[in-house]
Structure formats: C-alpha cells, structure tokens
>>> print(open('query02.txt').read())   # compact mmCIF, C-alpha atoms
# COMPACT_ATOMS: atom_id res chain seq x y z
CA MET A 352 -44.85 158.40 12.86
CA SER A 353 -45.06 161.97 11.53
CA ARG A 354 -42.45 163.08 9.00
CA THR A 355 -42.18 166.43 10.74
CA ASN A 356 -43.52 167.99 13.94
CA PHE A 357 -45.16 171.12 15.28
CA ASP A 358 -41.99 172.49 16.93
CA THR A 359 -39.85 172.13 13.79
CA LEU A 360 -42.41 173.99 11.69
CA LEU A 361 -42.84 176.68 14.35
CA GLU A 362 -39.09 177.26 14.55
CA ALA A 363 -38.93 177.58 10.74
CA GLY A 364 -41.67 180.23 10.73
CA CYS A 365 -44.13 178.14 8.73
CA HIS A 366 -47.04 179.61 10.75
CA PHE A 367 -46.73 183.19 9.48
CA GLY A 368 -49.34 184.03 6.87
CA HIS A 369 -49.99 187.28 5.00
CA LEU A 370 -51.74 190.45 6.17
CA LYS A 371 -55.41 189.97 7.00
CA ARG A 372 -56.50 192.34 4.20
CA LYS A 373 -54.69 190.16 1.62
CA TRP A 374 -56.20 186.85 2.65
CA ASN A 375 -58.16 184.46 0.45
CA PRO A 376 -61.39 183.31 2.22
CA ALA A 377 -60.91 179.80 0.83
CA MET A 378 -57.92 179.45 3.21
CA ALA A 379 -60.17 179.96 6.28
CA PRO A 380 -60.07 176.25 7.35
CA TYR A 381 -56.28 176.41 7.68
CA ILE A 382 -56.07 179.69 9.66
CA PHE A 383 -55.70 179.42 13.44
CA MET A 384 -55.99 183.08 14.45
CA GLU A 385 -55.08 186.66 13.63
CA ARG A 386 -52.33 188.55 15.46
CA ASN A 387 -51.26 192.16 14.80
CA GLY A 388 -53.11 192.15 11.49
CA ILE A 389 -51.35 188.97 10.29
CA HIS A 390 -53.01 185.57 9.89
CA ILE A 391 -51.45 182.66 11.77
CA ILE A 392 -51.63 179.24 10.08
CA ASP A 393 -52.73 176.19 12.09
CA LEU A 394 -49.55 174.08 12.15
CA HIS A 395 -51.37 170.98 13.40
CA LYS A 396 -53.17 170.90 10.05
CA THR A 397 -49.90 171.63 8.25
CA VAL A 398 -48.26 168.58 9.88
CA ALA A 399 -51.16 166.35 8.77
CA LYS A 400 -51.11 167.76 5.23
CA ILE A 401 -47.31 167.27 4.92
CA ASP A 402 -47.71 163.60 5.93
CA GLU A 403 -50.52 163.14 3.40
CA ALA A 404 -48.53 164.76 0.58
CA ALA A 405 -45.31 162.92 1.50
CA GLU A 406 -47.05 159.54 1.36
CA ALA A 407 -48.52 160.30 -2.08
CA LEU A 408 -45.11 161.51 -3.36
CA LYS A 409 -43.48 158.35 -2.01
CA GLN A 410 -45.86 156.18 -4.04
CA ILE A 411 -45.22 158.23 -7.20
CA ALA A 412 -41.45 157.87 -6.77
CA LYS A 413 -41.81 154.16 -5.99
CA SER A 414 -43.69 153.60 -9.25
CA GLY A 415 -40.80 155.17 -11.19
CA LYS A 416 -42.71 158.29 -12.25
CA LYS A 417 -41.44 161.88 -12.27
CA VAL A 418 -42.47 164.87 -10.15
CA LEU A 419 -41.71 168.31 -11.60
CA PHE A 420 -40.70 170.91 -8.99
CA VAL A 421 -41.56 174.52 -9.83
CA ALA A 422 -40.23 177.57 -7.97
CA THR A 423 -39.19 180.74 -9.78
CA LYS A 424 -39.17 183.04 -6.73
CA LYS A 425 -35.70 184.11 -5.64
CA GLN A 426 -35.73 182.78 -2.06
CA ALA A 427 -36.81 179.27 -3.08
CA LYS A 428 -34.77 178.70 -6.28
CA GLN A 429 -31.59 177.16 -4.88
CA ILE A 430 -33.35 175.05 -2.24
CA VAL A 431 -35.71 173.54 -4.81
CA ALA A 432 -32.83 172.84 -7.22
CA ASP A 433 -30.81 171.08 -4.50
CA LYS A 434 -33.70 169.01 -3.16
CA ALA A 435 -34.94 168.01 -6.63
CA GLN A 436 -31.43 166.93 -7.67
CA SER A 437 -31.09 164.84 -4.48
CA VAL A 438 -34.02 162.66 -5.62
CA ASN A 439 -33.17 162.90 -9.35
CA MET A 440 -36.32 164.81 -10.28
CA PRO A 441 -36.74 167.59 -12.91
CA TYR A 442 -37.28 171.18 -11.81
CA VAL A 443 -37.94 174.68 -13.17
CA ILE A 444 -36.36 177.60 -11.28
CA GLU A 445 -36.12 180.15 -14.09
CA ARG A 446 -39.07 181.58 -16.04
CA TRP A 447 -41.86 179.03 -16.62
CA PRO A 448 -41.94 178.33 -20.40
CA GLY A 449 -45.56 178.90 -21.42
CA GLY A 450 -47.11 175.71 -22.78
CA MET A 451 -44.46 173.52 -21.20
CA LEU A 452 -47.11 170.94 -20.29
CA THR A 453 -49.90 171.67 -22.77
CA ASN A 454 -47.43 171.95 -25.66
CA PHE A 455 -44.87 169.43 -24.41
CA PRO A 456 -43.72 168.10 -27.85
CA THR A 457 -42.42 171.58 -28.77
CA ILE A 458 -40.46 171.79 -25.51
CA ARG A 459 -38.96 168.36 -26.22
CA LYS A 460 -37.80 169.61 -29.63
CA ALA A 461 -35.90 172.43 -27.92
CA VAL A 462 -34.28 169.94 -25.53
CA LYS A 463 -33.29 167.71 -28.47
CA LYS A 464 -31.81 170.77 -30.15
CA MET A 465 -29.54 171.16 -27.13
CA ALA A 466 -28.40 167.55 -27.47
CA THR A 467 -27.70 168.07 -31.19
CA ILE A 468 -25.55 171.12 -30.45
CA ASP A 469 -23.58 169.03 -27.92
CA LYS A 470 -23.06 166.39 -30.60
CA LEU A 471 -21.75 169.01 -33.03
CA THR A 472 -19.29 170.11 -30.34
CA SER A 473 -18.00 166.61 -29.67
CA ASP A 474 -17.63 165.39 -33.26
CA GLY A 475 -15.33 168.24 -34.34
CA THR A 476 -17.80 170.12 -36.57
CA TYR A 477 -16.99 173.34 -34.74
CA SER A 478 -13.46 173.28 -36.12
CA ASN A 479 -14.89 173.92 -39.62
CA LEU A 480 -16.91 176.96 -38.54
CA SER A 481 -15.86 180.57 -38.12
CA LYS A 482 -15.48 182.14 -34.66
CA ARG A 483 -18.68 184.14 -35.16
CA GLU A 484 -20.71 181.03 -36.01
CA VAL A 485 -19.31 179.12 -33.03
CA LEU A 486 -20.15 182.04 -30.73
CA GLN A 487 -23.74 182.22 -32.03
CA ILE A 488 -24.31 178.49 -31.50
CA SER A 489 -22.69 178.63 -28.04
CA ARG A 490 -24.96 181.48 -26.99
CA GLN A 491 -28.00 179.59 -28.24
CA ARG A 492 -26.90 176.52 -26.25
CA ALA A 493 -26.39 178.57 -23.08
CA LYS A 494 -29.84 180.15 -23.44
CA LEU A 495 -31.52 176.75 -23.86
CA ASP A 496 -29.57 175.27 -20.96
CA LYS A 497 -30.63 178.07 -18.61
CA THR A 498 -34.34 177.56 -19.22
CA LEU A 499 -34.56 173.85 -20.11
CA GLY A 500 -31.35 172.22 -18.84
CA SER A 501 -33.00 170.98 -15.65
CA ILE A 502 -35.71 169.09 -17.57
CA ALA A 503 -33.40 167.48 -20.15
CA ASP A 504 -34.21 164.00 -18.76
CA LEU A 505 -37.98 164.57 -18.79
CA THR A 506 -38.99 162.49 -21.81
CA ARG A 507 -42.73 162.54 -21.07
CA LEU A 508 -45.23 164.57 -19.07
CA PRO A 509 -44.60 164.49 -15.30
CA SER A 510 -46.98 162.54 -13.08
CA ALA A 511 -47.26 165.43 -10.61
CA LEU A 512 -46.23 169.03 -9.98
CA PHE A 513 -44.78 170.38 -6.73
CA VAL A 514 -45.24 174.16 -6.65
CA ILE A 515 -43.92 176.85 -4.32
CA ASP A 516 -46.26 179.88 -4.33
CA VAL A 517 -49.32 179.03 -6.42
CA MET A 518 -50.05 182.70 -7.15
CA LYS A 519 -46.68 183.27 -8.82
CA GLU A 520 -46.83 179.93 -10.65
CA HIS A 521 -50.50 180.21 -11.66
CA ILE A 522 -49.73 179.39 -15.31
CA ALA A 523 -48.06 176.10 -14.34
CA VAL A 524 -50.98 175.22 -12.04
CA ARG A 525 -53.51 176.04 -14.78
CA GLU A 526 -51.70 173.85 -17.32
CA ALA A 527 -51.52 170.95 -14.85
CA ASN A 528 -55.24 171.29 -14.02
CA ARG A 529 -56.09 171.30 -17.71
CA LEU A 530 -54.21 168.03 -18.26
CA GLY A 531 -55.40 166.39 -15.03
CA ILE A 532 -51.92 166.30 -13.49
CA PRO A 533 -52.11 166.34 -9.66
CA VAL A 534 -50.61 169.43 -8.02
CA PHE A 535 -48.79 169.47 -4.67
CA ALA A 536 -48.19 172.98 -3.34
CA ILE A 537 -47.14 175.09 -0.38
CA VAL A 538 -50.14 177.44 -0.11
CA ASP A 539 -50.04 180.72 1.85
CA THR A 540 -53.06 182.59 3.26
CA ASN A 541 -53.29 184.88 0.19
CA SER A 542 -53.60 181.98 -2.29
CA ASN A 543 -56.46 179.91 -3.66
CA PRO A 544 -56.26 176.25 -2.51
CA LEU A 545 -59.23 175.09 -4.61
CA ASP A 546 -57.11 174.27 -7.69
CA ILE A 547 -54.55 172.30 -5.64
CA ASP A 548 -54.91 168.55 -5.08
CA PHE A 549 -52.52 168.32 -2.11
CA VAL A 550 -52.55 171.57 -0.12
CA ILE A 551 -49.72 172.21 2.36
CA PRO A 552 -50.78 175.38 4.26
CA ALA A 553 -47.58 177.23 5.22
CA ASN A 554 -45.45 180.32 4.74
CA ASP A 555 -44.17 180.21 1.12
CA ASP A 556 -41.92 183.27 1.44
CA ALA A 557 -39.48 182.17 4.17
CA THR A 558 -36.50 180.17 2.94
CA LYS A 559 -36.41 178.06 6.12
CA SER A 560 -40.12 177.24 5.85
CA VAL A 561 -39.76 175.99 2.26
CA GLU A 562 -36.64 174.01 3.17
CA VAL A 563 -38.26 172.17 6.11
CA ILE A 564 -41.29 171.12 4.06
CA LEU A 565 -39.24 170.04 1.04
CA GLU A 566 -36.93 168.07 3.31
CA ALA A 567 -39.82 165.98 4.62
CA CYS A 568 -41.33 165.43 1.15
CA CYS A 569 -38.02 164.58 -0.54
CA ALA A 570 -37.09 162.18 2.28
CA ALA A 571 -40.36 160.33 1.55
CA MET A 572 -39.54 160.25 -2.17
CA GLN A 573 -36.07 158.89 -1.42
CA GLU A 574 -37.69 156.08 0.59
CA GLY A 575 -39.91 155.29 -2.39
CA LEU A 576 -36.90 155.16 -4.75
CA GLU A 577 -34.99 152.86 -2.38
CA GLU A 578 -37.99 150.53 -2.02
CA ARG A 579 -38.31 150.41 -5.82
CA LYS A 580 -34.61 149.52 -6.11
CA ALA A 581 -34.94 146.82 -3.41
CA GLU A 582 -37.98 145.29 -5.13
CA LYS A 583 -36.15 145.25 -8.45
CA ILE A 584 -33.17 143.43 -6.88
CA ASP A 585 -35.52 140.89 -5.25
CA MET A 586 -37.26 140.24 -8.58
CA GLU A 587 -33.96 139.72 -10.36
CA ALA A 588 -32.76 137.39 -7.61
CA ALA A 589 -35.98 135.37 -7.91
CA GLY A 590 -35.56 135.16 -11.69
CA GLU A 591 -38.78 137.07 -12.31
CA ALA A 592 -37.14 139.93 -14.19
CA PRO A 593 -38.04 139.89 -17.88
CA ALA A 594 -35.23 138.75 -20.13
CA THR A 595 -33.55 141.61 -21.88
CA ARG A 596 -33.93 141.52 -25.61
CA GLY A 597 -30.80 141.53 -27.68
CA LYS A 598 -30.19 144.72 -29.58
CA LYS A 599 -30.99 144.49 -33.25
CA LYS A 600 -28.07 145.12 -35.53
CA SER A 601 -28.45 148.22 -37.60
CA THR A 602 -29.02 147.51 -41.27
CA LYS A 603 -28.20 151.05 -42.30
CA ALA A 604 -25.03 151.46 -44.30
CA ARG A 605 -22.32 153.45 -42.54
CA LEU A 606 -21.68 156.89 -43.86
CA ASP A 607 -18.28 157.92 -45.08
CA LYS A 608 -16.41 160.45 -42.98
CA SER A 609 -16.81 163.11 -45.66
CA ASP A 610 -20.58 162.53 -45.75
CA GLU A 611 -20.83 162.89 -41.97
CA GLU A 612 -18.90 166.15 -42.06
CA ALA A 613 -21.24 167.50 -44.76
CA ILE A 614 -24.34 166.55 -42.75
CA ASN A 615 -22.95 168.09 -39.54
CA ALA A 616 -22.01 171.29 -41.37
CA GLY A 617 -25.58 171.43 -42.72
CA LYS A 618 -26.98 171.09 -39.18
CA ALA A 619 -24.74 173.89 -37.95
CA ALA A 620 -25.91 176.13 -40.80
CA ALA A 621 -29.55 175.35 -39.91
CA PHE A 622 -28.97 176.40 -36.30
CA LEU A 623 -27.42 179.67 -37.42
CA LYS A 624 -30.32 180.33 -39.78
CA GLU A 625 -32.87 179.74 -37.00
CA ASP A 626 -30.92 182.03 -34.70
CA GLU A 627 -30.88 184.84 -37.29
CA GLU A 628 -34.63 184.46 -37.95
CA ALA A 629 -35.30 184.64 -34.20
>>> encode(input="query02.txt", output="structure tokens")
Amino acid sequence: MSRTNFDTLLEAGCHFGHLKRKWNPAMAPYIFMERNGIHIIDLHKTVAKIDEAAEALKQIAKSGKKVLFVATKKQAKQIVADKAQSVNMPYVIERWPGGMLTNFPTIRKAVKKMATIDKLTSDGTYSNLSKREVLQISRQRAKLDKTLGSIADLTRLPSALFVIDVMKEHIAVREANRLGIPVFAIVDTNSNPLDIDFVIPANDDATKSVEVILEACCAAMQEGLEERKAEKIDMEAAGEAPATRGKKKSTKARLDKSDEEAINAGKAAAFLKEDEEA
C-alpha cells in the first residue's frame, strides 16, 4: 500500500514546478507537461519515489542510525523542526555550519563547549563571576544553541541527509557526497537530481507540499523505530540480550570543594578569553 496518493499530493500543490526558462534538463524524466510557462511535475512518479525513500528511511531508523534533516528556507523551517523532533532525529534549520560533516570533530567540540557552560551554570560557578562575565558566557551559550542546539545528541556522523531545496543547501549536499553519505531530497524542476541518491520530485517552495512529503517519510521512520523497540523487547524476553557490564568504580581521588571551584573558575576564564579573541 502506498504511503501517500496522487490526490493528496495534488491538493498540496506538489505538482507545481518552476518557470520553464529556469528548469534543469536533468529533471526532464520527472516533468509531465508545461502549462502557462510553468513545468508540471508527474505526481505518479512522485508517489513511487516517496514510497522508495520512505522504505529506505524506515530501515535506517530501524537499525538505530540517525538521519539529519536540513532546511534553512523560511517556509520549511518550523515543519522540519517539528517532524524531526517527532522521530527524535537531529536537524539544521539555521545557517548550515560549513564543514559540519567534513570537519565533524570541530563541531562536536563546540557542542561539548555548550555542555560545559551548562555545567558551570548548575554547579554555582556563576555566583563567583561578575555580571559582565556572566552576560558574556550567556550570550556565547545562546549563540551556540541557536546554530548547534538541534544536533546536540548527534555524537557521530549521520547515516543519511534529508534535504529540502538542494540548490539552497548545496554545501550540505556536497559534503555528504564527499563522505559517501546518502542524500534524500525534495527536488524541484530547477535543481540538479544527479547528486541525490533518493530523489523526490516535488514543489520545494510550498509549505503544504513539504509537510505532506515529510509526514509520509516520518511516519515510515516511526514504524522503523517501533519495530526496533519491539524486537529489543522480544530479545530481552527470550534472554538473548547481552548482559550489561557492571560499571567500573572510579579510581580517581575525589577533589576537594575548593579545588573544584578553582577548576571551574579557570574554565569560565578560558571561555571569556576565547570570546574576547573571537
């Protein structure tokens, strides 16, 4: 059974492409006709491509891997954030940080920096700092959270990318291609589908169009997550789950309270120094 249908996509306006003069010839196989100077996308092919992409995404989710959603265009931001959160997947809806995939260790350092600032907040180190220093660190934390907060749980490279508008997100697509990460994308008639592994030909400008396609794909991912959970429960019930190893006791000597305060104050000073240099 199809995950979506022709009528649903038609109602959402998924068939509207760009002006004929802006088209990319590589999209010719997915174009049905031209009307009033605008290309019309063949929705029968879109339905088939959504099913193909949804099945692949389901298997990725079922294997416990992550899919990174990318959409920095205004009309798709909130929808992508909501849908990605519903399946517990990372997403980027602000500016794409250059080198996020090809220079992933550096991005992880910035995310860890955020966690360290949170630790300084919770352990009372802020009480020993001046108002100006607290404000500087808070601003730095807010800036990091805006750009990297949604990928805080991404501890390794994603197994796939889901992109809205491949022309706008060409840097993300290029990085994924360079690393051999499969790319799923909603591709309009003005875009190049040759660099995309799973092409979904559709209107990438209409909010409703993006929502309908994401709904079908995320529903498939949710199925994969539920199947993974069910299999895990069955394994545990059958006694096949590997025994959990007991946590090793730390052999490190505990620091005195005064030592901890000195270390935390040093970290705070380092943050301020970095901020001033930047």
>>> residues_near_point(input="query02.txt", point="(-50.9, 174.6, 5.4)", cutoff="7 Å", atoms="only C-alpha atoms", output="list in words")
Tyr381, Ile392, Leu394, Lys396, Thr397, Lys400, Ile537, Val538, Val550, Ile551, Pro552 and Ala553 of chain A
>>> atom_distance(input="query02.txt", atom1="CA of Phe383 in chain A", atom2="CA of Asn541 in chain A")
14.5 Å
>>> closest_residue(input="query02.txt", among="A:Cys569, A:Leu512, A:Asn375, A:Lys413", to="Ala581 in chain A", atoms="all atoms listed in the file")
A:Lys413
>>> atom_distance(input="query02.txt", atom1="CA of Thr457 in chain A", atom2="CA of Lys434 in chain A")
27.2 Å
>>> closest_residue(input="query02.txt", among="A:Arg492, A:Lys519, A:Lys428, A:Lys417", to="Lys470 in chain A", atoms="only C-alpha atoms")
A:Arg492
>>> closest_residue(input="query02.txt", among="A:Leu530, A:Ala404, A:Thr540, A:Gly364", to="Glu385 in chain A", atoms="all atoms listed in the file")
A:Thr540
>>> closest_residue(input="query02.txt", among="A:Glu562, A:Asp358, A:Asp548, A:Glu520", to="Arg446 in chain A", atoms="all atoms listed in the file")
A:Glu520
>>> atom_distance(input="query02.txt", atom1="CA of Val561 in chain A", atom2="CA of Ile444 in chain A")
14.1 Å
>>> residues_around(input="query02.txt", residues="Asp516 in chain A", least_positions_apart="6", cutoff="8 Å", atoms="only C-alpha atoms", output="compact mmCIF listing (two decimals) with C-alpha atoms, in the frame of the given file")
# COMPACT_ATOMS: atom_id res chain seq x y z
CA ALA A 422 -40.23 177.57 -7.97
CA ALA A 536 -48.19 172.98 -3.34
CA ILE A 537 -47.14 175.09 -0.38
CA VAL A 538 -50.14 177.44 -0.11
CA ASP A 539 -50.04 180.72 1.85
CA SER A 542 -53.60 181.98 -2.29
CA ASP A 555 -44.17 180.21 1.12
CA ASP A 556 -41.92 183.27 1.44
>>> closest_atom_pairs(input="query02.txt", of="range 419-469 of chain A", to="range 501-504 of chain A", cutoff="9 Å", atoms="only C-alpha atoms", output="JSON lines")
{"residue": "A:Leu419", "atom": "CA", "partner": "A:Ile502", "partner_atom": "CA", "distance": 8.5}
{"residue": "A:Ala432", "atom": "CA", "partner": "A:Ser501", "partner_atom": "CA", "distance": 8.6}
{"residue": "A:Met440", "atom": "CA", "partner": "A:Ile502", "partner_atom": "CA", "distance": 8.5}
{"residue": "A:Pro441", "atom": "CA", "partner": "A:Ile502", "partner_atom": "CA", "distance": 5.0}
{"residue": "A:Tyr442", "atom": "CA", "partner": "A:Ser501", "partner_atom": "CA", "distance": 5.8}
{"residue": "A:Val443", "atom": "CA", "partner": "A:Ser501", "partner_atom": "CA", "distance": 6.7}
{"residue": "A:Ile444", "atom": "CA", "partner": "A:Ser501", "partner_atom": "CA", "distance": 8.6}
{"residue": "A:Arg459", "atom": "CA", "partner": "A:Ala503", "partner_atom": "CA", "distance": 8.3}
{"residue": "A:Val462", "atom": "CA", "partner": "A:Ala503", "partner_atom": "CA", "distance": 6.0}
{"residue": "A:Lys463", "atom": "CA", "partner": "A:Ala503", "partner_atom": "CA", "distance": 8.3}
{"residue": "A:Met465", "atom": "CA", "partner": "A:Ala503", "partner_atom": "CA", "distance": 8.8}
{"residue": "A:Ala466", "atom": "CA", "partner": "A:Ala503", "partner_atom": "CA", "distance": 8.9}
>>> closest_residue(input="query02.txt", among="A:Thr506, A:Ala377, A:Ser353, A:Ala435", to="Asp546 in chain A", atoms="only C-alpha atoms")
A:Ala377
>>> residues_around(input="query02.txt", residues="Thr453 in chain A", least_positions_apart="4", cutoff="9 Å", atoms="only C-alpha atoms", output="PyMOL selection string")
chain A and resi 449+526-527+529-530
>>> residues_around(input="query02.txt", residues="Ile522 in chain A", least_positions_apart="4", cutoff="10 Å", atoms="all atoms listed in the file", output="PyMOL selection string")
chain A and resi 447-451+517-518+526-528
>>> residues_around(input="query02.txt", residues="Val418 in chain A", least_positions_apart="6", cutoff="6 Å", atoms="all atoms listed in the file", output="number ranges by chain")
A: 509-512
>>> decode(input="query02.txt", residues="range 393-512 of chain A", atoms="C-alpha atoms", output="PDB file, in the first residue's frame")
ATOM      1  CA  ASP A 393       4.468  13.967 -12.813  1.00  0.00           C
ATOM      2  CA  LEU A 394       2.889  13.067  -9.449  1.00  0.00           C
ATOM      3  CA  HIS A 395       2.658   9.362 -10.305  1.00  0.00           C
ATOM      4  CA  LYS A 396       6.463   9.295 -10.252  1.00  0.00           C
ATOM      5  CA  THR A 397       6.482  11.388  -7.069  1.00  0.00           C
ATOM      6  CA  VAL A 398       4.263   8.820  -5.304  1.00  0.00           C
ATOM      7  CA  ALA A 399       6.620   5.989  -6.328  1.00  0.00           C
ATOM      8  CA  LYS A 400       9.705   7.953  -5.246  1.00  0.00           C
ATOM      9  CA  ILE A 401       8.164   8.828  -1.843  1.00  0.00           C
ATOM     10  CA  ASP A 402       7.460   5.115  -1.221  1.00  0.00           C
ATOM     11  CA  GLU A 403      11.028   4.205  -2.200  1.00  0.00           C
ATOM     12  CA  ALA A 404      12.554   6.887   0.045  1.00  0.00           C
ATOM     13  CA  ALA A 405      10.194   6.089   2.952  1.00  0.00           C
ATOM     14  CA  GLU A 406      11.147   2.408   2.886  1.00  0.00           C
ATOM     15  CA  ALA A 407      14.872   3.244   2.927  1.00  0.00           C
ATOM     16  CA  LEU A 408      14.370   5.738   5.803  1.00  0.00           C
ATOM     17  CA  LYS A 409      12.403   3.113   7.728  1.00  0.00           C
ATOM     18  CA  GLN A 410      15.320   0.672   7.520  1.00  0.00           C
ATOM     19  CA  ILE A 411      17.789   3.363   8.663  1.00  0.00           C
ATOM     20  CA  ALA A 412      15.605   4.206  11.679  1.00  0.00           C
ATOM     21  CA  LYS A 413      15.084   0.512  12.443  1.00  0.00           C
ATOM     22  CA  SER A 414      18.850  -0.040  12.573  1.00  0.00           C
ATOM     23  CA  GLY A 415      19.169   2.729  15.180  1.00  0.00           C
ATOM     24  CA  LYS A 416      21.017   5.170  12.923  1.00  0.00           C
ATOM     25  CA  LYS A 417      20.425   8.916  12.595  1.00  0.00           C
ATOM     26  CA  VAL A 418      19.062  10.956   9.681  1.00  0.00           C
ATOM     27  CA  LEU A 419      19.979  14.650   9.634  1.00  0.00           C
ATOM     28  CA  PHE A 420      17.204  16.923   8.314  1.00  0.00           C
ATOM     29  CA  VAL A 421      18.362  20.128   6.614  1.00  0.00           C
ATOM     30  CA  ALA A 422      16.089  23.061   5.712  1.00  0.00           C
ATOM     31  CA  THR A 423      17.181  26.664   6.156  1.00  0.00           C
ATOM     32  CA  LYS A 424      14.496  28.242   3.943  1.00  0.00           C
ATOM     33  CA  LYS A 425      11.883  30.193   5.868  1.00  0.00           C
ATOM     34  CA  GLN A 426       8.752  28.303   4.763  1.00  0.00           C
ATOM     35  CA  ALA A 427      10.163  24.877   5.670  1.00  0.00           C
ATOM     36  CA  LYS A 428      11.994  25.618   8.961  1.00  0.00           C
ATOM     37  CA  GLN A 429       9.242  25.000  11.508  1.00  0.00           C
ATOM     38  CA  ILE A 430       7.765  21.978   9.714  1.00  0.00           C
ATOM     39  CA  VAL A 431      11.149  20.266   9.511  1.00  0.00           C
ATOM     40  CA  ALA A 432      11.880  21.017  13.179  1.00  0.00           C
ATOM     41  CA  ASP A 433       8.519  19.567  14.286  1.00  0.00           C
ATOM     42  CA  LYS A 434       8.734  16.445  12.128  1.00  0.00           C
ATOM     43  CA  ALA A 435      12.369  15.733  13.043  1.00  0.00           C
ATOM     44  CA  GLN A 436      11.600  16.097  16.760  1.00  0.00           C
ATOM     45  CA  SER A 437       8.639  13.701  16.419  1.00  0.00           C
ATOM     46  CA  VAL A 438      11.037  10.907  15.375  1.00  0.00           C
ATOM     47  CA  ASN A 439      13.900  12.091  17.630  1.00  0.00           C
ATOM     48  CA  MET A 440      16.235  12.981  14.759  1.00  0.00           C
ATOM     49  CA  PRO A 441      18.743  15.878  14.521  1.00  0.00           C
ATOM     50  CA  TYR A 442      18.040  18.828  12.236  1.00  0.00           C
ATOM     51  CA  VAL A 443      19.556  22.085  10.972  1.00  0.00           C
ATOM     52  CA  ILE A 444      17.147  24.974  10.309  1.00  0.00           C
ATOM     53  CA  GLU A 445      19.501  27.925  10.778  1.00  0.00           C
ATOM     54  CA  ARG A 446      22.621  28.610   8.705  1.00  0.00           C
ATOM     55  CA  TRP A 447      24.462  25.433   7.667  1.00  0.00           C
ATOM     56  CA  PRO A 448      27.816  25.443   9.546  1.00  0.00           C
ATOM     57  CA  GLY A 449      30.449  24.946   6.843  1.00  0.00           C
ATOM     58  CA  GLY A 450      32.381  21.725   7.400  1.00  0.00           C
ATOM     59  CA  MET A 451      29.728  20.294   9.677  1.00  0.00           C
ATOM     60  CA  LEU A 452      30.193  16.855   8.107  1.00  0.00           C
ATOM     61  CA  THR A 453      33.705  17.051   6.666  1.00  0.00           C
ATOM     62  CA  ASN A 454      35.066  18.659   9.841  1.00  0.00           C
ATOM     63  CA  PHE A 455      32.740  16.956  12.323  1.00  0.00           C
ATOM     64  CA  PRO A 456      35.202  16.731  15.289  1.00  0.00           C
ATOM     65  CA  THR A 457      35.391  20.554  15.433  1.00  0.00           C
ATOM     66  CA  ILE A 458      31.587  20.808  15.502  1.00  0.00           C
ATOM     67  CA  ARG A 459      31.493  18.263  18.331  1.00  0.00           C
ATOM     68  CA  LYS A 460      33.936  20.425  20.312  1.00  0.00           C
ATOM     69  CA  ALA A 461      31.525  23.364  20.021  1.00  0.00           C
ATOM     70  CA  VAL A 462      28.646  21.162  21.221  1.00  0.00           C
ATOM     71  CA  LYS A 463      30.747  19.972  24.182  1.00  0.00           C
ATOM     72  CA  LYS A 464      31.517  23.595  24.960  1.00  0.00           C
ATOM     73  CA  MET A 465      27.777  24.165  25.321  1.00  0.00           C
ATOM     74  CA  ALA A 466      27.532  21.268  27.773  1.00  0.00           C
ATOM     75  CA  THR A 467      30.459  22.661  29.789  1.00  0.00           C
ATOM     76  CA  ILE A 468      28.781  26.062  30.049  1.00  0.00           C
ATOM     77  CA  ASP A 469      25.620  24.326  31.317  1.00  0.00           C
ATOM     78  CA  LYS A 470      27.722  22.546  33.932  1.00  0.00           C
ATOM     79  CA  LEU A 471      29.222  25.851  35.075  1.00  0.00           C
ATOM     80  CA  THR A 472      25.685  27.196  35.459  1.00  0.00           C
ATOM     81  CA  SER A 473      24.475  24.274  37.544  1.00  0.00           C
ATOM     82  CA  ASP A 474      27.452  23.915  39.900  1.00  0.00           C
ATOM     83  CA  GLY A 475      27.302  27.519  41.162  1.00  0.00           C
ATOM     84  CA  THR A 476      30.447  28.838  39.428  1.00  0.00           C
ATOM     85  CA  TYR A 477      28.449  31.757  38.049  1.00  0.00           C
ATOM     86  CA  SER A 478      27.975  33.126  41.552  1.00  0.00           C
ATOM     87  CA  ASN A 479      31.725  33.874  41.704  1.00  0.00           C
ATOM     88  CA  LEU A 480      31.748  35.819  38.432  1.00  0.00           C
ATOM     89  CA  SER A 481      30.889  39.433  37.720  1.00  0.00           C
ATOM     90  CA  LYS A 482      27.670  40.384  35.900  1.00  0.00           C
ATOM     91  CA  ARG A 483      29.641  41.260  32.770  1.00  0.00           C
ATOM     92  CA  GLU A 484      31.360  37.859  32.675  1.00  0.00           C
ATOM     93  CA  VAL A 485      28.064  36.017  33.218  1.00  0.00           C
ATOM     94  CA  LEU A 486      26.456  38.021  30.404  1.00  0.00           C
ATOM     95  CA  GLN A 487      29.315  37.219  28.002  1.00  0.00           C
ATOM     96  CA  ILE A 488      29.120  33.486  28.715  1.00  0.00           C
ATOM     97  CA  SER A 489      25.303  33.525  28.445  1.00  0.00           C
ATOM     98  CA  ARG A 490      25.473  35.220  25.059  1.00  0.00           C
ATOM     99  CA  GLN A 491      28.023  32.684  23.861  1.00  0.00           C
ATOM    100  CA  ARG A 492      25.752  29.845  25.041  1.00  0.00           C
ATOM    101  CA  ALA A 493      22.720  31.339  23.265  1.00  0.00           C
ATOM    102  CA  LYS A 494      24.693  31.712  20.029  1.00  0.00           C
ATOM    103  CA  LEU A 495      25.870  28.088  20.138  1.00  0.00           C
ATOM    104  CA  ASP A 496      22.386  26.841  20.999  1.00  0.00           C
ATOM    105  CA  LYS A 497      20.832  28.646  18.031  1.00  0.00           C
ATOM    106  CA  THR A 498      23.142  27.045  15.483  1.00  0.00           C
ATOM    107  CA  LEU A 499      24.029  23.706  17.114  1.00  0.00           C
ATOM    108  CA  GLY A 500      21.374  23.041  19.768  1.00  0.00           C
ATOM    109  CA  SER A 501      19.357  20.763  17.490  1.00  0.00           C
ATOM    110  CA  ILE A 502      22.349  18.459  16.859  1.00  0.00           C
ATOM    111  CA  ALA A 503      23.495  18.207  20.490  1.00  0.00           C
ATOM    112  CA  ASP A 504      22.666  14.468  20.538  1.00  0.00           C
ATOM    113  CA  LEU A 505      24.493  13.738  17.277  1.00  0.00           C
ATOM    114  CA  THR A 506      27.635  12.030  18.583  1.00  0.00           C
ATOM    115  CA  ARG A 507      28.774  10.687  15.202  1.00  0.00           C
ATOM    116  CA  LEU A 508      28.216  11.372  11.511  1.00  0.00           C
ATOM    117  CA  PRO A 509      24.609  10.825  10.383  1.00  0.00           C
ATOM    118  CA  SER A 510      23.801   7.820   8.209  1.00  0.00           C
ATOM    119  CA  ALA A 511      21.766   9.955   5.786  1.00  0.00           C
ATOM    120  CA  LEU A 512      20.722  13.521   4.976  1.00  0.00           C
TER     121      LEU A 512
END
